[in-house]
$ cat run_13.txt   # compact mmCIF, C-alpha atoms
# COMPACT_ATOMS: atom_id res chain seq x y z
CA ASP A 1 -37.50 37.94 45.21
CA ILE A 2 -39.53 38.79 42.12
CA GLN A 3 -43.25 38.99 42.90
CA MET A 4 -45.75 38.10 40.18
CA THR A 5 -49.31 39.39 40.06
CA GLN A 6 -52.13 38.50 37.69
CA SER A 7 -55.44 40.05 36.80
CA PRO A 8 -58.19 39.25 36.88
CA SER A 9 -58.12 36.50 39.51
CA SER A 10 -61.11 34.92 37.81
CA LEU A 11 -63.38 35.54 34.86
CA SER A 12 -66.47 34.08 33.30
CA ALA A 13 -66.59 33.58 29.56
CA SER A 14 -68.30 31.62 26.83
CA VAL A 15 -67.03 29.39 24.05
CA GLY A 16 -65.80 31.59 21.24
CA ASP A 17 -64.96 34.58 23.46
CA ARG A 18 -61.65 36.43 23.28
CA VAL A 19 -59.94 36.36 26.67
CA THR A 20 -56.99 38.41 27.89
CA ILE A 21 -55.07 37.79 31.11
CA THR A 22 -52.48 40.21 32.46
CA CYS A 23 -49.32 39.39 34.41
CA ARG A 24 -47.02 41.89 36.10
CA ALA A 25 -43.57 41.34 37.60
CA SER A 26 -42.21 43.44 40.49
CA GLU A 27 -39.01 44.02 38.49
CA SER A 28 -37.87 43.30 34.96
CA VAL A 29 -37.73 39.63 33.99
CA LYS A 30 -36.57 40.56 30.48
CA THR A 31 -38.06 37.83 28.26
CA TYR A 32 -38.06 35.05 30.90
CA LEU A 33 -41.85 34.86 31.17
CA ASN A 34 -43.86 31.70 30.67
CA TRP A 35 -47.55 30.72 30.75
CA TYR A 36 -49.19 27.46 31.90
CA ARG A 37 -52.68 25.98 31.81
CA VAL A 38 -53.78 23.80 34.72
CA LYS A 39 -56.87 21.63 34.59
CA PRO A 40 -58.18 19.87 37.72
CA GLY A 41 -56.52 16.51 38.24
CA LYS A 42 -54.09 17.01 35.35
CA ALA A 43 -50.44 17.92 35.10
CA PRO A 44 -49.80 21.58 34.25
CA GLU A 45 -49.15 22.29 30.56
CA LEU A 46 -46.66 24.79 29.18
CA LEU A 47 -48.45 27.03 26.67
CA ILE A 48 -46.01 29.85 25.92
CA TYR A 49 -42.38 30.44 26.84
CA ALA A 50 -40.09 33.44 26.43
CA VAL A 51 -43.08 35.82 26.39
CA SER A 52 -44.48 34.88 23.00
CA THR A 53 -43.18 31.54 21.70
CA LEU A 54 -45.84 28.87 21.41
CA GLU A 55 -44.85 25.50 22.85
CA THR A 56 -44.97 22.69 20.28
CA GLY A 57 -48.49 21.34 19.88
CA VAL A 58 -50.22 24.32 21.49
CA PRO A 59 -53.05 25.72 19.33
CA SER A 60 -52.51 29.06 17.61
CA ARG A 61 -55.48 30.62 19.42
CA PHE A 62 -53.02 31.21 22.27
CA SER A 63 -50.67 34.16 22.04
CA GLY A 64 -48.43 36.08 24.40
CA SER A 65 -46.94 39.54 24.41
CA GLY A 66 -45.21 42.07 26.62
CA THR A 67 -41.81 43.14 27.79
CA GLY A 68 -39.90 43.74 31.00
CA THR A 69 -42.59 43.79 33.67
CA ASP A 70 -45.95 43.70 31.89
CA PHE A 71 -47.23 40.74 29.95
CA THR A 72 -50.47 39.39 28.49
CA LEU A 73 -51.85 36.02 27.48
CA THR A 74 -54.62 36.11 24.90
CA ILE A 75 -56.94 33.30 23.88
CA SER A 76 -58.52 34.43 20.61
CA SER A 77 -61.50 32.05 20.64
CA LEU A 78 -62.13 30.16 23.86
CA GLN A 79 -62.70 26.43 23.47
CA PRO A 80 -64.31 24.03 25.99
CA GLU A 81 -60.92 22.60 26.97
CA ASP A 82 -59.68 26.09 27.87
CA PHE A 83 -61.82 26.36 30.98
CA ALA A 84 -58.99 26.04 33.46
CA THR A 85 -56.62 28.09 35.60
CA TYR A 86 -53.75 29.99 33.97
CA TYR A 87 -50.45 30.90 35.62
CA CYS A 88 -47.61 33.11 34.55
CA GLN A 89 -44.11 32.31 35.81
CA GLN A 90 -40.77 34.10 35.73
CA SER A 91 -37.64 32.07 35.01
CA HIS A 92 -35.29 35.06 35.19
CA SER A 93 -33.92 34.43 38.68
CA ASN A 94 -34.20 32.18 41.73
CA PRO A 95 -36.47 31.81 43.54
CA LEU A 96 -38.58 31.06 40.51
CA THR A 97 -42.05 32.45 41.08
CA PHE A 98 -45.54 32.01 39.71
CA GLY A 99 -48.44 34.39 39.59
CA PRO A 100 -51.45 33.57 41.78
CA GLY A 101 -53.45 32.26 38.83
CA THR A 102 -56.48 33.30 36.78
CA LYS A 103 -59.43 30.93 36.79
CA VAL A 104 -61.46 30.92 33.56
CA ASP A 105 -64.90 29.41 33.91
CA ILE A 106 -68.23 29.43 32.18
CA GLN B 107 -42.37 11.33 30.54
CA VAL B 108 -41.77 11.87 34.23
CA LEU B 109 -43.45 9.80 36.93
CA GLU B 110 -43.44 10.70 40.61
CA SER B 111 -43.77 8.38 43.58
CA GLY B 112 -43.16 8.30 47.30
CA GLY B 113 -45.93 10.52 48.62
CA GLY B 114 -48.08 9.62 51.57
CA LEU B 115 -49.34 10.57 55.02
CA VAL B 116 -46.72 11.62 57.56
CA GLN B 117 -46.85 13.28 60.97
CA PRO B 118 -45.45 16.76 61.54
CA GLY B 119 -41.71 16.51 62.06
CA GLY B 120 -41.48 13.37 59.96
CA SER B 121 -39.64 12.63 56.73
CA LEU B 122 -40.45 11.44 53.22
CA ARG B 123 -38.40 10.85 50.10
CA LEU B 124 -40.02 11.58 46.76
CA SER B 125 -38.77 10.00 43.54
CA CYS B 126 -39.21 10.97 39.91
CA ALA B 127 -38.46 8.49 37.13
CA ALA B 128 -37.72 10.09 33.77
CA SER B 129 -37.94 8.43 30.38
CA GLY B 130 -38.02 9.35 26.71
CA PHE B 131 -35.35 12.04 26.87
CA SER B 132 -31.70 12.38 27.77
CA PHE B 133 -32.11 13.07 31.49
CA SER B 134 -28.55 14.24 32.08
CA ASP B 135 -28.97 17.05 29.52
CA TYR B 136 -31.57 18.93 31.56
CA TRP B 137 -31.99 20.86 34.77
CA MET B 138 -34.87 19.43 36.82
CA SER B 139 -37.26 20.92 39.36
CA TRP B 140 -39.87 20.13 41.96
CA VAL B 141 -43.03 22.27 41.98
CA ARG B 142 -45.90 21.86 44.45
CA GLN B 143 -49.54 22.82 44.63
CA ALA B 144 -51.54 22.78 47.84
CA ALA B 145 -55.24 22.05 47.52
CA GLY B 146 -57.08 25.12 46.29
CA LYS B 147 -53.83 27.10 46.03
CA GLY B 148 -51.47 28.11 43.25
CA LEU B 149 -48.25 26.63 41.94
CA GLU B 150 -45.11 27.05 44.04
CA TRP B 151 -41.57 26.24 42.87
CA VAL B 152 -39.73 24.22 45.51
CA ALA B 153 -36.25 23.38 44.24
CA ASN B 154 -34.12 22.81 41.17
CA THR B 155 -30.82 21.18 40.30
CA ASN B 156 -28.45 21.52 37.39
CA LYS B 157 -27.52 18.83 34.91
CA ASP B 158 -24.90 17.06 37.00
CA GLY B 159 -26.44 17.79 40.40
CA SER B 160 -23.61 20.07 41.54
CA ALA B 161 -25.85 23.14 41.89
CA LYS B 162 -29.09 23.23 43.87
CA ASN B 163 -31.54 26.01 44.66
CA TYR B 164 -34.49 26.13 47.06
CA VAL B 165 -37.41 28.33 47.99
CA ASP B 166 -36.76 29.90 51.40
CA SER B 167 -39.55 28.00 53.15
CA VAL B 168 -37.83 24.62 52.60
CA LYS B 169 -34.15 25.57 52.93
CA GLY B 170 -32.41 23.41 55.49
CA ARG B 171 -35.26 20.87 55.49
CA PHE B 172 -35.49 19.61 51.89
CA THR B 173 -32.70 18.26 49.68
CA ILE B 174 -32.96 17.78 45.94
CA SER B 175 -30.70 15.24 44.26
CA ARG B 176 -30.43 13.24 41.07
CA ASP B 177 -28.95 10.01 39.75
CA ASN B 178 -28.21 10.41 36.05
CA ALA B 179 -27.24 6.77 35.69
CA ASP B 180 -30.74 5.82 36.82
CA ASN B 181 -32.61 8.76 35.16
CA SER B 182 -34.04 9.69 38.53
CA LEU B 183 -34.71 12.85 40.54
CA TYR B 184 -35.30 12.88 44.27
CA LEU B 185 -36.59 15.16 47.00
CA GLN B 186 -35.67 14.29 50.58
CA MET B 187 -38.09 16.08 52.87
CA ASN B 188 -37.27 16.31 56.59
CA SER B 189 -38.89 18.18 59.49
CA LEU B 190 -42.15 18.23 57.57
CA ARG B 191 -44.78 20.81 58.49
CA VAL B 192 -48.53 20.89 57.97
CA GLU B 193 -47.98 23.66 55.41
CA ASP B 194 -45.89 21.27 53.26
CA THR B 195 -49.08 19.35 52.44
CA ALA B 196 -49.41 19.49 48.65
CA LEU B 197 -49.27 17.65 45.35
CA TYR B 198 -45.59 17.56 44.37
CA HIS B 199 -44.74 17.62 40.65
CA CYS B 200 -41.46 16.76 39.02
CA ALA B 201 -40.77 19.03 36.04
CA ARG B 202 -38.14 19.22 33.33
CA VAL B 203 -36.55 22.62 32.76
CA ALA B 204 -36.24 23.67 29.14
CA ASP B 205 -32.84 24.91 28.02
CA GLY B 206 -32.71 28.61 27.23
CA SER B 207 -36.12 29.75 28.46
CA GLY B 208 -35.99 28.04 31.87
CA SER B 209 -39.65 27.11 31.51
CA PHE B 210 -41.06 23.82 32.79
CA ASP B 211 -41.82 21.92 29.58
CA TYR B 212 -42.66 18.46 30.89
CA TRP B 213 -44.53 17.74 34.10
CA GLY B 214 -45.57 14.64 35.96
CA GLN B 215 -49.03 14.09 37.40
CA GLY B 216 -47.63 14.53 40.88
CA THR B 217 -47.48 12.63 44.16
CA LEU B 218 -49.53 13.72 47.15
CA VAL B 219 -47.85 14.54 50.45
CA THR B 220 -50.10 14.97 53.47
CA VAL B 221 -48.61 16.17 56.75
CA SER B 222 -51.07 15.70 59.58
CA SER B 223 -51.26 14.35 63.10

$ encode --input "run_13.txt" --output "structure tokens"
Amino acid sequence: DIQMTQSPSSLSASVGDRVTITCRASESVKTYLNWYRVKPGKAPELLIYAVSTLETGVPSRFSGSGTGTDFTLTISSLQPEDFATYYCQQSHSNPLTFGPGTKVDI
Amino acid sequence: QVLESGGGLVQPGGSLRLSCAASGFSFSDYWMSWVRQAAGKGLEWVANTNKDGSAKNYVDSVKGRFTISRDNADNSLYLQMNSLRVEDTALYHCARVADGSGSFDYWGQGTLVTVSS
């Protein structure tokens, strides 16, 4: 199974800050790497798929990069609605696996 | 849109059947998945099925106990859960799988399953 790790596990930030979250896979997932935002009581939202492609309707302050085993999600200017938990996920092979999450709070 | 139902309180060893009603897209053109989240924990993929239901995959912890199925005529996805354990307690989401990337591009709000005596 492919194990996913994320760092940091949590961070504190302010509106307007630039935030970077790192995701690492235990083996290459090629470009099958996706990012989600989860707010309490809401359905998860797909932000980025295939490493760097923004899902339709997602603001351009979100960006993704990386290759193989190491990936990053960057939020260029944090907005109030971005205080949430972020998960990376590999869709390269079953069992599909998520990272443990990064909680972004004030 | 996807809308889950069927959750509830069940004793250990019991069974539940979750349903997911899909609308607004051509259901039979997409793989579908179940993903769960226990309170205070992260997301965990549970199972997926291909477009016609002939292929099914499961996380190891539910193999032999859970069965995913679909009815394309009724635009519905199901999860039959047997031999439930306390550790199966979670919010269960139905999710559409995007072609190509394999990402989960549409999610439901979830249905809560509580396994407790």

$ closest_atom_pairs --input "run_13.txt" --of "chain A" --to "chain B" --cutoff "8 Å" --atoms "only C-alpha atoms" --output "tab-separated table"
residue	atom	partner	partner_atom	distance
A:Tyr32	CA	B:Ser207	CA	6.1
A:Asn34	CA	B:Ser209	CA	6.3
A:Gly41	CA	B:Gln215	CA	7.9
A:Lys42	CA	B:Gln215	CA	6.2
A:Ala43	CA	B:Gln215	CA	4.7
A:Pro44	CA	B:Trp213	CA	6.5
A:Glu45	CA	B:Trp213	CA	7.4
A:Leu46	CA	B:Asp211	CA	5.6
A:Tyr49	CA	B:Ser209	CA	6.4
A:Ala50	CA	B:Ser207	CA	5.8
A:Tyr87	CA	B:Leu149	CA	7.9
A:Ser91	CA	B:Gly208	CA	5.4
A:His92	CA	B:Gly208	CA	7.8
A:Asn94	CA	B:Asn163	CA	7.3
A:Pro95	CA	B:Val165	CA	5.7
A:Leu96	CA	B:Trp151	CA	6.1
A:Thr97	CA	B:Trp151	CA	6.5
A:Phe98	CA	B:Leu149	CA	6.4
A:Gly99	CA	B:Gly148	CA	7.9
A:Pro100	CA	B:Gly148	CA	5.7
A:Gly101	CA	B:Gly148	CA	6.4

$ atom_distance --input "run_13.txt" --atom1 "atom CA of Thr5 of chain A" --atom2 "atom CA of Ser26 of chain A"
8.2 Å

$ atom_distance --input "run_13.txt" --atom1 "atom CA of Leu197 of chain B" --atom2 "atom CA of Gly170 of chain B"
20.5 Å

$ residues_around --input "run_13.txt" --residues "Ala84 of chain A" --least-positions-apart "2" --cutoff "8 Å" --atoms "all atoms listed in the file" --output "CSV table (one decimal) with C-alpha atoms, in the frame of the given file"
chain,number,residue,atom,x,y,z
A,37,ARG,CA,-52.7,26.0,31.8
A,38,VAL,CA,-53.8,23.8,34.7
A,39,LYS,CA,-56.9,21.6,34.6
A,40,PRO,CA,-58.2,19.9,37.7
A,81,GLU,CA,-60.9,22.6,27.0
A,82,ASP,CA,-59.7,26.1,27.9
A,86,TYR,CA,-53.8,30.0,34.0
A,103,LYS,CA,-59.4,30.9,36.8
A,104,VAL,CA,-61.5,30.9,33.6
A,105,ASP,CA,-64.9,29.4,33.9

$ closest_residue --input "run_13.txt" --among "A:Ala25, A:Ser52, A:Arg61, A:Leu33" --to "Gln79 of chain A" --atoms "all atoms listed in the file"
A:Arg61

$ residues_near_point --input "run_13.txt" --point "(-48.9, 18.3, 54.9)" --cutoff "12 Å" --atoms "all atoms listed in the file" --output "ChimeraX atom specification"
/B:113-122,142-145,187-198,218-223

$ closest_residue --input "run_13.txt" --among "A:Gln90, A:Ser63, A:Pro80, A:Leu73" --to "Thr20 of chain A" --atoms "only C-alpha atoms"
A:Leu73

$ axis_aligned_box --input "run_13.txt" --around "segment 126-145 of chain B" --padding-each-side "3 Å" --output "AutoDock Vina command-line options"
--center_x -41.9 --center_y 15.6 --center_z 37.3 --size_x 32.7 --size_y 20.4 --size_z 27.1

$ closest_residue --input "run_13.txt" --among "A:Ser93, A:Ser65, A:Thr85, A:Ser77" --to "Val19 of chain A" --atoms "all atoms listed in the file"
A:Ser77

$ atom_distance --input "run_13.txt" --atom1 "atom CA of Gly68 of chain A" --atom2 "atom CA of Arg18 of chain A"
24.2 Å

$ closest_residue --input "run_13.txt" --among "B:Val108, B:Trp140, B:Gly146, B:Asp158" --to "Asp177 of chain B" --atoms "all atoms listed in the file"
B:Asp158

$ closest_residue --input "run_13.txt" --among "B:Thr155, B:Ser160, B:Ser111, B:Asn181" --to "Arg123 of chain B" --atoms "all atoms listed in the file"
B:Ser111

$ residues_around --input "run_13.txt" --residues "Ser132 of chain B" --least-positions-apart "2" --cutoff "12 Å" --atoms "all atoms listed in the file" --output "list in words"
Gln107, Val108, Ala128, Ser129, Gly130, Ser134, Asp135, Tyr136, Trp137, Met138, Lys157, Asn178, Ala179, Asp180, Asn181, Ser182 and Arg202 of chain B

$ residues_around --input "run_13.txt" --residues "Glu110 of chain B" --least-positions-apart "5" --cutoff "6 Å" --atoms "only C-alpha atoms" --output "PyMOL selection string"
chain B and resi 125-126+216-217

$ closest_residue --input "run_13.txt" --among "A:Leu47, A:Ser7, A:Asp1, A:Thr69" --to "Thr22 of chain A" --atoms "all atoms listed in the file"
A:Ser7

$ residues_around --input "run_13.txt" --residues "Ser60 of chain A" --least-positions-apart "6" --cutoff "10 Å" --atoms "only C-alpha atoms" --output "MDAnalysis selection string"
chainID A and resid 54 75:77
